[in-house]
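Here's the structure, in structure tokens; my notes come after.
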Amino acid sequence: MNINDTLRFQNVGLPEDILRMKHHGDYDNAIKLIDYRLKTEKMPDALRHCLQIHREMMVRSAVEFPYTYDEALAIIRQHIPDFTEEEWNRIIAERKVRWAYINGEMRIFNRFFSSLVKAYKGFAKRANQTLPGVESAVGGIPLLDYAVHQMKAKGSMTNRIRIRATMRLKDEVFTPGMFVRAHLPIPSACDQQSEIRIEKVYPENGQLAPEDAAQRTVCWEENMEENHEFIVEYSYLHTAKYHDLEGAVGIPGEYDFDLEEQAPHIVFTPYIKALAAELTEGVTDPLEKARRFYDFITQNMSYTFMPSYFLLENIPDTCALNYNGDCGVFALLFLTLCRCAGIPAQWQSGFTAEPDFCGGHDWVRFYVEPYGWLFADCSYGVSAQRNENEPRRKFYFGNLDSYRMVANSRFQTPFTIRKEFWRADPFDNQVGEMETADRGLTYEEYERSKVVLSCEEI
């Protein structure tokens, strides 16, 4: 069994002594105890896999939560000198930053500052900071509002998009002669995408997965004598069709696809079952059920950057308990609620591909008769709610814009050429993966870039 296939055992549960250590943040001793048990005790495969997964989660956590409480506050004060400890405590109390206990001490997520700049009201202005991806405009109209207008007026919108993506080992990781297996996501064939062309691959021996691969990549396998970039350029047409769902009614049906659980995250826990039942009480229309799930997320949740998904346990439950997350977290909660309610739902992810910005992104397709497959982008809905743009929030229930690149149509599925060791993200693939002959690399060990070279409406 490939190690990434063992993730379904993550929720088996830890022995109580190891669990107490983990909850206290005593990761060093928890890891030592796991190593001792794995070496000396006979145990069921399910428990063995669970211990191995949680061991890896704890090893990675120390890297992603590097700052103490005081160090994080000092970083904020470099940009906002009069920022008070009371304000910092309020941000933590409002769950606007991620933190963890590690060795008995609160440690703050490494991207906490950029998360506050992106989504905490008034913070970016006080800090005099902006992040890449600020929405551009067309004729003075915000880009996504322009897309909404065009799609409503014309019924659809198509963009011809060309993207360049790269990855490279950090120099301190590279050793001459080392074996490297590298994957970069590329466009997959789906309802939205056509005329997919791979324009450039470097080195030229990159192996392309089939167009219908569930997580499509180009893969290189090389004994590297010199450190160099892996590069892929591609172009495609992306078409978004408009669905007018105002006042629309769906037709209940019997389905046998995309309704299953998929541990460790897509699981119908008691809380998910209770939440789905409460949100849809008295409702039989499947479209209205899905709309209520979307409204619950977009009208109540706040956006925060998240650690690597490898570190997260039961993502939908955690989102519904904490009322925060990012695009993938919101997507998983919506998908799980839909499936729990008998509405087929699929994962989709890849990039936003706007004329002047390219960023990783996740969303969901869900199936309702007589419309067929519809879309829900809960993250864009949360953003629209935060910016008091109700027409845009409503648009992203049922619809997507055409500034997208779809690489992945399934959550938690292997590449065509499989990684042998732990993936940096074993669930999704937006920025690429690398491994050597003896281990999988984490995001801190290689550099990635992606840029939209052209985006032309046709």
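Ordered as shown in the structure tokens, chains take letters A, B, and onward, while each chain numbers its residues from 1 and ligands are numbered from 1 in the order shown.
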
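Every protein, DNA or RNA residue with an atom at most 7 Å from segment 306-322 of chain A, where only C-alpha atoms count and chain neighbours fewer than 3 positions away do not, is listed here: A:Met57, A:Ser61, A:Glu64, A:Pro264, A:His265, A:Ile272, A:Gly325, A:Asp326, A:Val329, A:Leu332, A:Leu333, A:Asp425, A:Pro426.
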
Residues of segment 194-329 of chain A classed as alpha helix (DSSP H) by DSSP on the backbone are to be reported as a PyMOL selection string.
chain A and resi 270-279+286-300+315-322+327-329

So, with only C-alpha atoms as the atoms that count, which of A:Pro270, A:Pro344, A:Pro370, A:Gly440 lies closest to Glu56 of chain A?
A:Gly440

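When only C-alpha atoms are used to measure the gap to Gly104 of chain A, the shortest distance among A:His23, A:Arg160, A:Arg37, A:Lys152 belongs to A:His23.
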
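Summary of the local environment: counting only C-alpha atoms, residues at most 10 Å from segment 87-89 of chain A, other than itself and those fewer than 6 positions away along its chain, are Tyr69, Asp70, Ala72, Leu73, Ile76, Arg95, Lys96 and Val97 of chain A.
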
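Residues of segment 238-351 of chain A that DSSP places in strand (DSSP E or B), based on the backbone of this structure, are His238, Thr239, Ala240, Lys241, Ile251, Gln262, Ile266, Ser302, Tyr303, Asn324, Gly325, Ala345, Gln346, Trp347, Gln348, Ser349, Gly350 and Phe351 of chain A.
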